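Content type compact mmCIF, C-alpha atoms, from the file structure35.txt:
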# COMPACT_ATOMS: atom_id res chain seq x y z
CA MET A 519 119.49 143.93 73.26
CA LEU A 520 122.25 142.28 75.24
CA PHE A 521 121.72 140.32 78.46
CA ASP A 522 124.12 140.94 81.36
CA PHE A 523 125.63 137.55 82.22
CA GLY A 524 128.09 138.42 84.97
CA ALA A 525 130.94 140.33 83.39
CA ARG A 526 129.96 139.00 79.98
CA THR A 527 127.05 139.67 77.66
CA ALA A 528 124.71 137.51 75.62
CA VAL A 529 121.48 137.81 73.73
CA ASP A 530 118.60 138.57 76.09
CA PRO A 531 116.56 135.33 76.39
CA ALA A 532 113.44 137.48 76.52
CA ASN A 533 114.01 138.31 72.82
CA ILE A 534 114.40 134.71 71.73
CA ASP A 535 112.35 131.72 72.87
CA LEU A 536 115.15 129.50 74.12
CA VAL A 537 112.82 126.93 75.72
CA ALA A 538 113.44 123.59 74.00
CA ALA A 539 110.69 122.14 71.84
CA ASN A 540 108.06 120.22 73.83
CA HIS A 541 109.36 121.69 77.08
CA PHE A 542 107.35 123.62 79.65
CA SER A 543 108.32 127.15 80.57
CA PRO A 544 110.56 127.55 83.64
CA GLY A 545 107.61 128.56 85.85
CA ALA A 546 105.38 125.71 84.68
CA SER A 547 108.28 123.28 85.00
CA PHE A 548 108.74 124.21 88.66
CA PHE A 549 105.01 123.98 89.44
CA PHE A 550 104.33 120.65 87.78
CA GLY A 551 107.76 119.08 88.21
CA VAL A 552 108.58 120.05 91.79
CA LEU A 553 105.32 120.93 93.51
CA VAL A 554 102.98 118.43 91.82
CA LEU A 555 105.09 115.44 90.71
CA LEU A 556 107.88 115.55 93.30
CA CYS A 557 106.16 116.84 96.44
CA GLY A 558 102.61 115.74 95.67
CA GLY A 559 103.57 112.39 94.16
CA GLY A 560 106.01 111.67 96.98
CA ALA A 561 103.34 112.46 99.57
CA LEU A 562 100.87 110.06 97.93
CA VAL A 563 103.44 107.26 97.81
CA ALA A 564 104.31 107.83 101.47
CA LEU A 565 100.61 107.86 102.34
CA LEU A 566 100.28 104.26 101.11
CA PHE A 567 102.85 103.07 103.65
CA VAL A 568 101.42 105.29 106.39
CA ARG A 569 97.95 103.83 105.82
CA ALA A 570 99.31 100.28 105.83
CA ARG A 571 101.06 100.99 109.13
CA ALA A 572 97.89 102.50 110.61
CA LEU A 573 95.84 99.42 109.66
CA THR A 574 98.51 97.16 111.13
CA LEU A 575 98.30 99.02 114.44
CA ARG A 576 94.50 98.96 114.28
CA THR A 577 94.61 95.18 113.79
CA VAL A 578 96.68 94.81 116.95
CA SER A 579 94.39 97.18 118.86
CA GLU A 580 91.12 95.55 117.77
CA THR A 581 92.43 92.01 118.32
CA ARG A 582 93.67 92.93 121.79
CA ALA A 583 90.33 94.57 122.62
CA ALA A 584 88.34 91.52 121.43
CA GLU A 585 90.54 89.17 123.45
CA SER A 586 90.48 91.37 126.59
CA PRO A 587 86.95 91.28 128.02
CA SER A 588 85.69 94.05 130.28
CA ASP A 589 84.73 93.60 133.89
CA LEU A 590 81.16 92.37 134.20
CA GLU A 591 79.81 95.50 135.81
CA PRO A 592 76.78 97.21 134.26
CA GLY A 593 77.63 100.12 131.97
CA PRO A 594 78.25 101.18 128.36
CA HIS A 595 81.17 100.16 126.12
CA LYS A 596 81.52 96.65 127.49
CA MET A 597 83.27 93.74 125.77
CA VAL A 598 82.04 90.29 126.79
CA ARG A 599 83.89 87.19 125.59
CA GLY A 600 82.69 83.65 125.92
CA VAL A 601 81.33 80.47 124.35
CA VAL A 602 78.07 80.75 122.41
CA GLU A 603 75.01 78.92 123.73
CA PRO A 604 71.71 79.62 121.93
CA THR A 605 68.69 80.10 124.19
CA GLU A 606 66.79 77.28 122.46
CA ASN A 607 67.79 73.86 121.25
CA GLU A 608 69.23 75.20 118.01
CA ALA A 609 72.79 75.33 116.74
CA ILE A 610 72.73 78.83 115.28
CA ALA A 611 72.14 82.06 117.18
CA VAL A 612 72.86 84.58 114.41
CA ARG A 613 73.01 84.02 110.66
CA ILE A 614 73.77 86.46 107.85
CA GLU A 615 72.93 85.27 104.35
CA ILE A 616 73.94 86.92 101.09
CA ASP A 617 72.40 85.83 97.80
CA GLN A 618 74.72 86.33 94.84
CA ILE A 619 74.07 86.11 91.11
CA ALA A 620 76.77 85.25 88.55
CA LYS A 621 77.48 87.95 85.99
CA ASN A 622 79.48 87.07 82.87
CA HIS A 623 81.91 89.53 81.28
CA THR A 624 83.69 89.62 77.92
CA ALA A 625 86.42 91.99 76.74
CA LYS A 626 88.33 91.38 73.49
CA ASN A 627 89.56 87.79 73.76
CA ASN A 628 89.06 87.45 77.51
CA SER A 629 86.03 86.24 79.44
CA TRP A 630 85.39 86.04 83.17
CA HIS A 631 82.57 86.10 85.69
CA THR A 632 81.86 87.84 88.96
CA TRP A 633 79.42 87.19 91.80
CA GLU A 634 77.23 90.20 92.57
CA GLU A 635 75.16 90.60 95.73
CA ALA A 636 71.42 90.47 95.07
CA ALA A 637 69.96 90.28 98.58
CA ARG A 638 71.06 90.17 102.21
CA ARG A 639 69.25 88.84 105.27
CA THR A 640 70.07 88.78 108.97
CA MET A 641 68.40 86.36 111.36
CA ALA A 642 69.27 86.99 114.99
CA ARG A 643 67.89 85.75 118.27
CA PRO A 644 69.13 86.23 121.84
CA PHE A 645 71.85 83.84 122.96
CA TYR A 646 74.13 83.32 125.91
CA LEU A 647 77.87 83.85 126.23
CA VAL A 648 79.47 81.72 128.94
CA THR A 649 82.70 83.37 130.07
CA ASP A 650 85.88 81.63 131.22
CA GLN A 651 84.82 82.46 134.81
CA GLY A 652 81.52 80.63 134.35
CA GLU A 653 79.37 83.76 134.22
CA THR A 654 76.40 83.59 131.86
CA VAL A 655 75.51 86.76 129.94
CA LEU A 656 72.39 87.03 127.79
CA VAL A 657 73.20 88.78 124.50
CA GLU A 658 70.47 90.59 122.56
CA PRO A 659 72.17 91.35 119.23
CA GLY A 660 69.33 92.81 117.15
CA GLU A 661 68.78 92.37 113.42
CA ASP A 662 71.49 94.92 112.55
CA ALA A 663 74.30 93.15 114.42
CA PHE A 664 77.74 93.64 112.88
CA VAL A 665 79.30 90.17 112.66
CA ILE A 666 83.04 89.81 112.12
CA ASP A 667 83.61 86.24 111.00
CA GLU A 668 84.46 84.23 107.92
CA MET A 669 81.83 83.28 105.33
CA GLU A 670 81.03 79.94 103.77
CA THR A 671 79.51 79.25 100.36
CA THR A 672 76.77 76.88 99.23
CA PHE A 673 75.00 76.26 95.92
CA ALA A 674 72.31 74.06 97.44
CA GLY A 675 68.81 75.37 96.85
CA CYS A 676 70.07 78.26 94.74
CA PRO A 677 68.96 79.17 91.20
CA THR A 678 71.12 78.07 88.25
CA MET A 679 73.13 81.30 88.14
CA GLY A 680 73.13 81.85 91.89
CA ARG A 681 74.88 80.89 95.09
CA LYS A 682 74.55 81.72 98.76
CA ARG A 683 77.19 82.93 101.16
CA TYR A 684 76.51 82.79 104.86
CA CYS A 685 78.08 83.52 108.21
CA ASP A 686 76.90 81.87 111.44
CA VAL A 687 77.33 82.53 115.13
CA GLU A 688 77.06 78.90 116.26
CA ARG A 689 76.85 76.91 119.44
CA GLY A 690 80.29 76.18 120.87
CA GLU A 691 82.12 79.00 119.07
CA THR A 692 84.03 81.64 121.00
CA PHE A 693 82.86 85.16 120.28
CA SER A 694 83.38 88.63 121.68
CA ALA A 695 80.35 90.92 121.89
CA TYR A 696 80.43 94.69 122.32
CA GLY A 697 77.52 96.68 123.71
CA THR A 698 75.90 98.04 126.87
CA LEU A 699 75.75 95.76 129.90
CA VAL A 700 72.69 95.98 132.17
CA ARG A 701 71.06 93.94 134.95
CA GLN A 702 67.75 92.44 133.95
CA PRO A 703 65.88 89.23 134.60
CA HIS A 704 66.40 86.35 132.19
CA ALA A 705 65.76 82.61 132.24
CA ARG A 706 69.14 81.45 133.51
CA ALA A 707 69.38 84.29 136.02
CA ALA A 708 66.13 83.10 137.65
CA SER A 709 67.78 79.82 138.63
CA ALA A 710 71.28 81.17 139.32
CA TYR A 711 70.53 84.29 141.37
CA ARG A 712 68.17 84.79 144.30
CA ASP A 713 66.72 88.03 142.94
CA GLY A 714 66.34 86.60 139.42
CA MET A 715 68.42 89.44 137.97
CA GLY A 716 71.26 88.64 135.58
CA LEU A 717 73.56 90.32 133.11
CA VAL A 718 72.19 91.28 129.69
CA LEU A 719 74.28 92.78 126.88
CA LYS A 720 72.27 95.11 124.68
CA ARG A 721 73.20 97.03 121.55
CA PRO A 722 75.03 100.33 122.20
CA ALA A 723 72.83 103.38 122.60
CA ASN A 724 74.14 104.97 119.38
CA GLY A 725 75.22 102.08 117.21
CA ARG A 726 75.18 98.40 116.33
CA MET A 727 76.32 95.48 118.42
CA TYR A 728 79.63 93.99 117.31
CA LEU A 729 80.11 90.22 117.37
CA ALA A 730 83.66 89.13 116.59
CA SER A 731 85.31 85.74 116.31
CA ALA A 732 89.06 85.08 116.20
CA SER A 733 89.01 86.05 112.50
CA ILE A 734 89.05 89.71 113.56
CA LYS A 735 92.84 89.48 113.28
CA ASP A 736 92.43 89.04 109.51
CA ARG A 737 90.07 92.00 109.06
CA TYR A 738 92.65 94.22 107.38
CA THR A 739 95.10 91.61 106.05
CA GLN A 740 94.19 91.99 102.37
CA ARG A 741 94.03 95.76 102.59
CA ILE A 742 97.46 95.97 104.22
CA ALA A 743 98.98 93.66 101.57
CA HIS A 744 97.33 95.71 98.82
CA LEU A 745 98.66 98.98 100.23
CA ARG A 746 102.19 97.63 100.58
CA LYS A 747 102.18 96.15 97.08
CA TRP A 748 101.01 99.41 95.53
CA GLY A 749 103.42 101.33 97.74
CA ILE A 750 106.47 99.34 96.63
CA VAL A 751 105.57 99.46 92.92
CA SER A 752 104.66 103.16 93.11
CA ALA A 753 107.88 103.96 94.96
CA LEU A 754 109.99 102.22 92.30
CA VAL A 755 108.19 104.01 89.45
CA PHE A 756 108.34 107.31 91.35
CA VAL A 757 112.09 107.06 91.99
CA ALA A 758 112.78 106.06 88.37
CA PHE A 759 110.74 108.96 86.99
CA GLN A 760 112.33 111.46 89.35
CA ALA A 761 115.83 110.18 88.59
CA ILE A 762 115.35 110.41 84.81
CA PHE A 763 113.42 113.66 84.49
CA VAL A 764 113.04 115.75 87.65
CA ALA A 765 116.38 115.15 89.41
CA PRO A 766 118.55 116.52 86.54
CA TYR A 767 116.25 119.54 86.25
CA LEU A 768 116.24 120.23 89.99
CA ALA A 769 119.99 119.63 90.42
CA THR A 770 120.73 122.00 87.54
CA ALA A 771 118.41 124.65 89.00
CA LEU A 772 120.16 124.44 92.39
CA PHE A 773 123.78 123.68 91.51
CA GLY A 774 124.09 124.26 87.75
CA THR A 775 126.67 126.47 86.04
CA ARG A 776 125.36 129.45 84.09
CA ASP A 777 127.47 129.81 81.01
CA LEU A 778 127.62 131.50 77.61
CA ALA A 779 127.57 129.40 74.46
CA THR A 780 128.13 129.83 70.75
CA VAL A 781 125.75 128.30 68.21
CA VAL A 782 127.96 126.01 66.15
CA HIS A 783 125.49 124.04 64.04
CA HIS A 784 121.84 123.82 63.10
CA ARG A 785 119.85 121.17 61.28
CA SER A 786 116.29 120.17 60.42
CA TRP A 787 114.61 116.90 59.52
CA VAL A 788 111.17 115.56 58.70
CA THR A 789 109.24 112.72 60.32
CA HIS A 790 106.13 111.10 58.90
CA ASN A 791 103.19 109.79 60.88
CA LYS A 792 100.02 108.14 59.60
CA ASN A 793 98.21 111.34 58.67
CA SER A 794 100.81 114.03 59.25
CA THR A 795 104.28 115.25 58.44
CA THR A 796 106.36 117.12 61.01
CA THR A 797 109.46 119.22 60.52
CA HIS A 798 111.90 119.26 63.45
CA TYR A 799 114.57 121.88 64.15
CA ALA A 800 117.67 121.57 66.30
CA VAL A 801 120.76 123.64 67.15
CA SER A 802 124.09 122.61 68.62
CA VAL A 803 125.96 124.93 71.00
CA PHE A 804 129.41 124.97 72.58
CA THR A 805 129.78 126.69 75.95
CA GLU A 806 132.78 128.67 77.15
CA SER A 807 133.48 125.96 79.72
CA GLY A 808 133.70 123.31 77.00
CA VAL A 809 130.30 121.61 77.17
CA SER A 810 128.57 120.89 73.87
CA PHE A 811 124.98 119.75 73.42
CA GLU A 812 122.17 119.75 70.90
CA ARG A 813 118.58 120.74 71.59
CA GLU A 814 115.44 120.64 69.50
CA VAL A 815 113.86 124.11 69.33
CA THR A 816 110.79 125.79 67.88
CA SER A 817 110.72 127.08 64.32
CA PRO A 818 110.96 130.81 65.30
CA ALA A 819 113.85 130.10 67.68
CA TYR A 820 115.58 128.07 64.98
CA ALA A 821 115.54 131.07 62.62
CA ASP A 822 116.82 133.44 65.33
CA LEU A 823 119.54 131.07 66.48
CA GLY A 824 120.60 130.50 62.88
CA THR A 825 121.19 134.28 62.62
CA LEU A 826 123.25 134.18 65.84
CA GLU A 827 125.37 131.40 64.36
CA ARG A 828 126.30 133.69 61.50
CA THR A 829 126.91 136.79 63.70
CA GLY A 830 128.73 134.91 66.45
CA GLU A 831 126.59 136.32 69.25
CA LYS A 832 126.37 134.10 72.31
CA VAL A 833 123.33 132.65 74.07
CA PRO A 834 122.90 131.96 77.79
CA THR A 835 122.89 128.33 78.95
CA VAL A 836 122.82 126.47 82.24
CA HIS A 837 124.26 123.00 82.74
CA LEU A 838 125.22 120.58 85.48
CA GLY A 839 128.93 119.84 85.33
CA ASP A 840 129.99 118.42 81.98
CA SER A 841 126.70 116.61 81.41
CA ASP A 842 125.04 117.21 78.07
CA TYR A 843 121.86 115.55 79.42
CA ALA A 844 121.37 118.13 82.17
CA ALA A 845 122.08 121.12 79.91
CA TYR A 846 119.55 123.73 78.83
CA LEU A 847 119.33 126.75 76.55
CA GLY A 848 118.44 129.89 78.48
CA ASP A 849 119.31 130.95 82.00
CA ARG A 850 116.87 128.53 83.72
CA PRO A 851 116.33 124.76 83.24
CA THR A 852 113.02 123.37 81.98
CA LEU A 853 111.20 120.04 81.97
CA ASN A 854 110.10 117.95 79.04
CA GLY A 855 106.38 118.60 78.72
CA ILE A 856 105.61 115.17 77.28
CA ALA A 857 107.27 113.51 80.28
CA VAL A 858 105.38 115.76 82.70
CA ILE A 859 102.02 115.03 81.02
CA LEU A 860 102.84 111.32 80.98
CA GLY A 861 103.70 111.48 84.68
CA LEU A 862 100.48 113.32 85.53
CA CYS A 863 98.31 110.95 83.48
CA SER A 864 100.05 107.92 84.95
CA GLY A 865 99.55 109.27 88.45
CA ILE A 866 95.86 109.94 87.90
CA GLY A 867 95.42 106.51 86.32
CA ALA A 868 97.20 104.87 89.24
CA ILE A 869 94.97 106.66 91.76
CA ILE A 870 91.83 105.51 89.92
CA GLY A 871 93.17 101.97 89.60
CA PHE A 872 94.14 101.82 93.25
CA PHE A 873 90.75 102.85 94.60
CA ALA A 874 88.92 100.62 92.11
CA THR A 875 90.79 97.57 93.42
CA TYR A 876 91.18 98.66 97.06
CA ARG A 877 87.47 98.35 97.81
CA THR A 878 87.55 94.69 96.75
CA LYS A 879 90.18 94.01 99.42
CA LYS A 880 87.85 94.90 102.27
CA ALA A 881 86.40 92.08 104.36
CA TRP A 882 82.84 91.19 103.35
CA TYR A 883 81.34 92.82 106.46
CA ASP A 884 83.03 96.15 105.66
CA ARG A 885 81.40 96.34 102.21
CA ASP A 886 77.95 97.70 101.43
CA LYS A 887 77.67 95.21 98.58
CA VAL A 888 79.67 91.99 98.34
CA SER A 889 81.07 91.49 94.85
CA ASP A 890 83.60 88.71 94.26
CA HIS A 891 85.74 87.73 91.29
CA GLY A 892 84.55 84.31 90.20
CA GLY A 893 87.35 83.31 87.86
CA THR A 894 88.11 83.04 84.17
CA GLY A 895 85.48 81.95 81.66
CA HIS A 896 81.73 82.36 81.72
CA TYR A 897 79.62 80.68 84.39
CA TYR A 898 76.55 78.65 83.41
CA GLY A 899 75.70 76.91 86.66
CA VAL A 900 77.04 74.02 88.72
CA LYS A 901 77.82 71.02 86.52
Using structure tokens, write down the structure from this file.
Amino acid sequence: MLFDFGARTAVDPANIDLVAANHFSPGASFFFGVLVLLCGGGALVALLFVRARALTLRTVSETRAAESPSDLEPGPHKMVRGVVEPTENEAIAVRIEIDQIAKNHTAKNNSWHTWEEAARRTMARPFYLVTDQGETVLVEPGEDAFVIDEMETTFAGCPTMGRKRYCDVERGETFSAYGTLVRQPHARAASAYRDGMGLVLKRPANGRMYLASASIKDRYTQRIAHLRKWGIVSALVFVAFQAIFVAPYLATALFGTRDLATVVHHRSWVTHNKNSTTTHYAVSVFTESGVSFEREVTSPAYADLGTLERTGEKVPTVHLGDSDYAAYLGDRPTLNGIAVILGLCSGIGAIIGFFATYRTKKAWYDRDKVSDHGGTGHYYGVK
């Protein structure tokens, strides 16, 4: 059967499998190459930069909110900022302690250790915040207070394979506290106000009290850097992959020249692997517009195209300009299946790798469990 190719005729591609060896069919090439790898992959790369931008804006918003105290009128959703003064003669008003145990790891010729959270404790007592205007507000944080501040590390009093990380809300530090502001009696109000009623900040009705130091501006710093780093690397790999594999296919599909070609040569060769031997088949064609190229084909197609070489019948092709790289047997371009599978596997691996490392970039207070990389080599205690 002959295939109508404009005013000319060629062998119907439905009768011969003209898809190159290791290539996907035209339909599968469009789905995986354009919809999944181009559109889906591009959207994921863009999402990294979008998320980094969103966290940057959130940093500005949260920092501004923490540094812009509310009016001291009773009500919900109030931000009070001031200098910490514990109610008793103690230096610390709130302390969060995290016990960590060293865990040693070995893989091939590498060894390292991590610090894994074993226990967490919060010790909180009421304290005062003295504002810039001289107002004194009693803060009742509760044991579940969410403290945004940097941690320190100590090995004192810890077991051989352990250490302690802690975060303190201390006397003299400037903190912002978020909660519900009410009027109630407290010790300092009794001496400062005739009715003995003062301002008390309590935990929000439906949540935890937030206590934030100036380090709130660094809450998302590592996450933003991580997103941008992955975004840049992913964008470079994405552009390179698209330029090598998908762009020639897509450009040929949109702007390629459909042409008839004569089979001018065929050849076969054998390659040897560890436990297998593979025979490869290829044909060379010359189009009416003067483009010549060789493509590896399947064994059945090789036999059919060898017959066409002897009879002189033509086969349909599509190519982009004079390029032999962007040239395909058949009336529609196709994608290399190995490249597509490699792209899909690489994408899935990158997604898994990103999320596995992204959670370690969160600030300690945003993690359910605090796990830290300790360094190279095994840990056997403080020397």
Residue with the minimum atom-to-atom distance to Thr739 of chain A, picked from A:Ile870, A:Val578, A:His798, A:Thr698 with all atoms listed in the file counted, is A:Val578
Could you check which of A:Ala609, A:Ile734, A:Ile616, A:Leu556 is closest to Glu580 of chain A, using all atoms listed in the file? A:Ile734
Can you pull out every residue within 12 Å of Arg582 of chain A, counting all atoms listed in the file, but drop anything in the same chain fewer than 4 positions away, and send it as a list in words?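 Those residues are Leu575, Arg576, Thr577, Val578, Ser586, Pro587, Ser588, Met597, Arg599, Ser694, Ala730, Ala732, Ile734 and Lys735 of chain A.
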Find the residues around Leu862 of chain A up to 12 Å (all atoms listed in the file counted), leave out those fewer than 3 positions away in its own chain, and share them as a list in words. Phe550, Gly551, Val554, Leu555, Leu556, Gly558, Gly559, Phe756, Phe759, Gly855, Ile856, Ala857, Val858, Ile859, Gly865, Ile866, Gly867, Ala868 and Ile869 of chain A
Interatomic distance between atom CA of His783 of chain A and atom CA of Val801 of chain A?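 Answer for the atom CA of His783 of chain A to atom CA of Val801 of chain A separation: 5.7 Å.
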Could you check which of A:Gln618, A:Asn533, A:Asn540, A:Asn628 is closest to Phe673 of chain A, using only C-alpha atoms? A:Gln618
Enter the distance from atom CA of Ser547 of chain A to atom CA of Gly861 of chain A, in Å, rounded to one decimal.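 Distance reported for this atom pair: 12.7 Å.
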Would you pick out the contacts of Trp787 of chain A at 12 Å or less, using all atoms listed in the file, so that residues sharing its chain but fewer than 5 positions from it are not included, and give the list as a list of chain:residue names?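 Near Trp787 of chain A, the qualifying residues are A:Thr795, A:Thr796, A:Thr797, A:His798, A:Tyr799, A:Ala800, A:Val801, A:Glu814, A:Ser817.
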Using all atoms listed in the file, which of the listed residues (A:Leu719, A:Met679, A:Val781, A:Val751) sits closest to Asp822 of chain A? A:Val781
Given the choices A:Ala779, A:Val568, A:Leu847, A:Cys863, which gets closest to Ser543 of chain A if the distance is worked out from all atoms listed in the file?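 Ranked by minimum distance to Ser543 of chain A, first place goes to A:Leu847.
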What is the atom CA of Val598 of chain A to atom CA of Glu668 of chain A distance in Å?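 Between these atoms lies a distance of 20.0 Å.
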Pull the neighbourhood of (121.1, 126.3, 90.2) for me: all residues within 10 Å in file coordinates, counting only C-alpha atoms, as an MDAnalysis selection string. chainID A and resid 767:776 836:838 849:851
I need the residues from that last selection saved to file as a PDB file, in the coordinates of the input (with C-alpha atoms), if you can.
ATOM      1  CA  TYR A 767     116.250 119.540  86.250  1.00  0.00           C
ATOM      2  CA  LEU A 768     116.240 120.230  89.990  1.00  0.00           C
ATOM      3  CA  ALA A 769     119.990 119.630  90.420  1.00  0.00           C
ATOM      4  CA  THR A 770     120.730 122.000  87.540  1.00  0.00           C
ATOM      5  CA  ALA A 771     118.410 124.650  89.000  1.00  0.00           C
ATOM      6  CA  LEU A 772     120.160 124.440  92.390  1.00  0.00           C
ATOM      7  CA  PHE A 773     123.780 123.680  91.510  1.00  0.00           C
ATOM      8  CA  GLY A 774     124.090 124.260  87.750  1.00  0.00           C
ATOM      9  CA  THR A 775     126.670 126.470  86.040  1.00  0.00           C
ATOM     10  CA  ARG A 776     125.360 129.450  84.090  1.00  0.00           C
ATOM     11  CA  VAL A 836     122.820 126.470  82.240  1.00  0.00           C
ATOM     12  CA  HIS A 837     124.260 123.000  82.740  1.00  0.00           C
ATOM     13  CA  LEU A 838     125.220 120.580  85.480  1.00  0.00           C
ATOM     14  CA  ASP A 849     119.310 130.950  82.000  1.00  0.00           C
ATOM     15  CA  ARG A 850     116.870 128.530  83.720  1.00  0.00           C
ATOM     16  CA  PRO A 851     116.330 124.760  83.240  1.00  0.00           C
TER      17      PRO A 851
END
For segment 885-897 of chain A, find every residue with an atom within 9 Å (counting only C-alpha atoms), except residues of its own chain fewer than 4 positions away, and show them as a PyMOL selection string. chain A and resi 616+618+620-624+628-636+679+877-878+880-881
For the selection you just gave me, I'd like the residues written to a file as a PDB file, keeping the file's coordinate frame, keeping C-alpha atoms.
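Contents of the output file out-v3.pdb:
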ATOM      1  CA  ILE A 616      73.940  86.920 101.090  1.00  0.00           C
ATOM      2  CA  GLN A 618      74.720  86.330  94.840  1.00  0.00           C
ATOM      3  CA  ALA A 620      76.770  85.250  88.550  1.00  0.00           C
ATOM      4  CA  LYS A 621      77.480  87.950  85.990  1.00  0.00           C
ATOM      5  CA  ASN A 622      79.480  87.070  82.870  1.00  0.00           C
ATOM      6  CA  HIS A 623      81.910  89.530  81.280  1.00  0.00           C
ATOM      7  CA  THR A 624      83.690  89.620  77.920  1.00  0.00           C
ATOM      8  CA  ASN A 628      89.060  87.450  77.510  1.00  0.00           C
ATOM      9  CA  SER A 629      86.030  86.240  79.440  1.00  0.00           C
ATOM     10  CA  TRP A 630      85.390  86.040  83.170  1.00  0.00           C
ATOM     11  CA  HIS A 631      82.570  86.100  85.690  1.00  0.00           C
ATOM     12  CA  THR A 632      81.860  87.840  88.960  1.00  0.00           C
ATOM     13  CA  TRP A 633      79.420  87.190  91.800  1.00  0.00           C
ATOM     14  CA  GLU A 634      77.230  90.200  92.570  1.00  0.00           C
ATOM     15  CA  GLU A 635      75.160  90.600  95.730  1.00  0.00           C
ATOM     16  CA  ALA A 636      71.420  90.470  95.070  1.00  0.00           C
ATOM     17  CA  MET A 679      73.130  81.300  88.140  1.00  0.00           C
ATOM     18  CA  ARG A 877      87.470  98.350  97.810  1.00  0.00           C
ATOM     19  CA  THR A 878      87.550  94.690  96.750  1.00  0.00           C
ATOM     20  CA  LYS A 880      87.850  94.900 102.270  1.00  0.00           C
ATOM     21  CA  ALA A 881      86.400  92.080 104.360  1.00  0.00           C
TER      22      ALA A 881
END
Restricting to only C-alpha atoms, whichever of A:Glu831, A:Asp777, A:Glu608, A:Glu670 is closest to Arg643 of chain A is A:Glu608
Keeping just C-alpha atoms, export segment 783-818 of chain A of this structure as a PDB file, in the first residue's frame.
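Once everything was written out, this is result_24.pdb:
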ATOM      1  CA  HIS A 783      22.522   1.600   2.580  1.00  0.00           C
ATOM      2  CA  HIS A 784      21.980  -0.849   5.399  1.00  0.00           C
ATOM      3  CA  ARG A 785      24.365  -2.467   7.853  1.00  0.00           C
ATOM      4  CA  SER A 786      24.441  -4.567  11.012  1.00  0.00           C
ATOM      5  CA  TRP A 787      26.969  -5.076  13.786  1.00  0.00           C
ATOM      6  CA  VAL A 788      27.331  -6.974  17.038  1.00  0.00           C
ATOM      7  CA  THR A 789      28.173  -5.683  20.502  1.00  0.00           C
ATOM      8  CA  HIS A 790      29.171  -7.831  23.457  1.00  0.00           C
ATOM      9  CA  ASN A 791      28.275  -7.205  27.074  1.00  0.00           C
ATOM     10  CA  LYS A 792      29.206  -9.258  30.131  1.00  0.00           C
ATOM     11  CA  ASN A 793      26.519 -11.892  29.719  1.00  0.00           C
ATOM     12  CA  SER A 794      24.913 -11.014  26.402  1.00  0.00           C
ATOM     13  CA  THR A 795      25.468 -10.393  22.728  1.00  0.00           C
ATOM     14  CA  THR A 796      23.359  -7.884  20.816  1.00  0.00           C
ATOM     15  CA  THR A 797      22.929  -7.455  17.088  1.00  0.00           C
ATOM     16  CA  HIS A 798      22.224  -3.909  15.905  1.00  0.00           C
ATOM     17  CA  TYR A 799      20.639  -2.881  12.602  1.00  0.00           C
ATOM     18  CA  ALA A 800      20.829   0.475  10.839  1.00  0.00           C
ATOM     19  CA  VAL A 801      19.750   1.999   7.519  1.00  0.00           C
ATOM     20  CA  SER A 802      20.924   5.127   5.736  1.00  0.00           C
ATOM     21  CA  VAL A 803      18.480   7.238   3.714  1.00  0.00           C
ATOM     22  CA  PHE A 804      18.779  10.178   1.335  1.00  0.00           C
ATOM     23  CA  THR A 805      15.838  12.576   1.116  1.00  0.00           C
ATOM     24  CA  GLU A 806      14.629  14.370  -1.997  1.00  0.00           C
ATOM     25  CA  SER A 807      15.744  17.664  -0.465  1.00  0.00           C
ATOM     26  CA  GLY A 808      19.302  16.381  -0.077  1.00  0.00           C
ATOM     27  CA  VAL A 809      19.476  15.423   3.607  1.00  0.00           C
ATOM     28  CA  SER A 810      21.136  12.121   4.443  1.00  0.00           C
ATOM     29  CA  PHE A 811      21.103  10.386   7.819  1.00  0.00           C
ATOM     30  CA  GLU A 812      21.454   6.967   9.399  1.00  0.00           C
ATOM     31  CA  ARG A 813      19.145   5.500  12.019  1.00  0.00           C
ATOM     32  CA  GLU A 814      19.243   2.317  14.035  1.00  0.00           C
ATOM     33  CA  VAL A 815      16.029   0.321  13.517  1.00  0.00           C
ATOM     34  CA  THR A 816      14.412  -2.866  14.751  1.00  0.00           C
ATOM     35  CA  SER A 817      15.127  -6.219  13.154  1.00  0.00           C
ATOM     36  CA  PRO A 818      11.727  -6.477  11.350  1.00  0.00           C
TER      37      PRO A 818
END
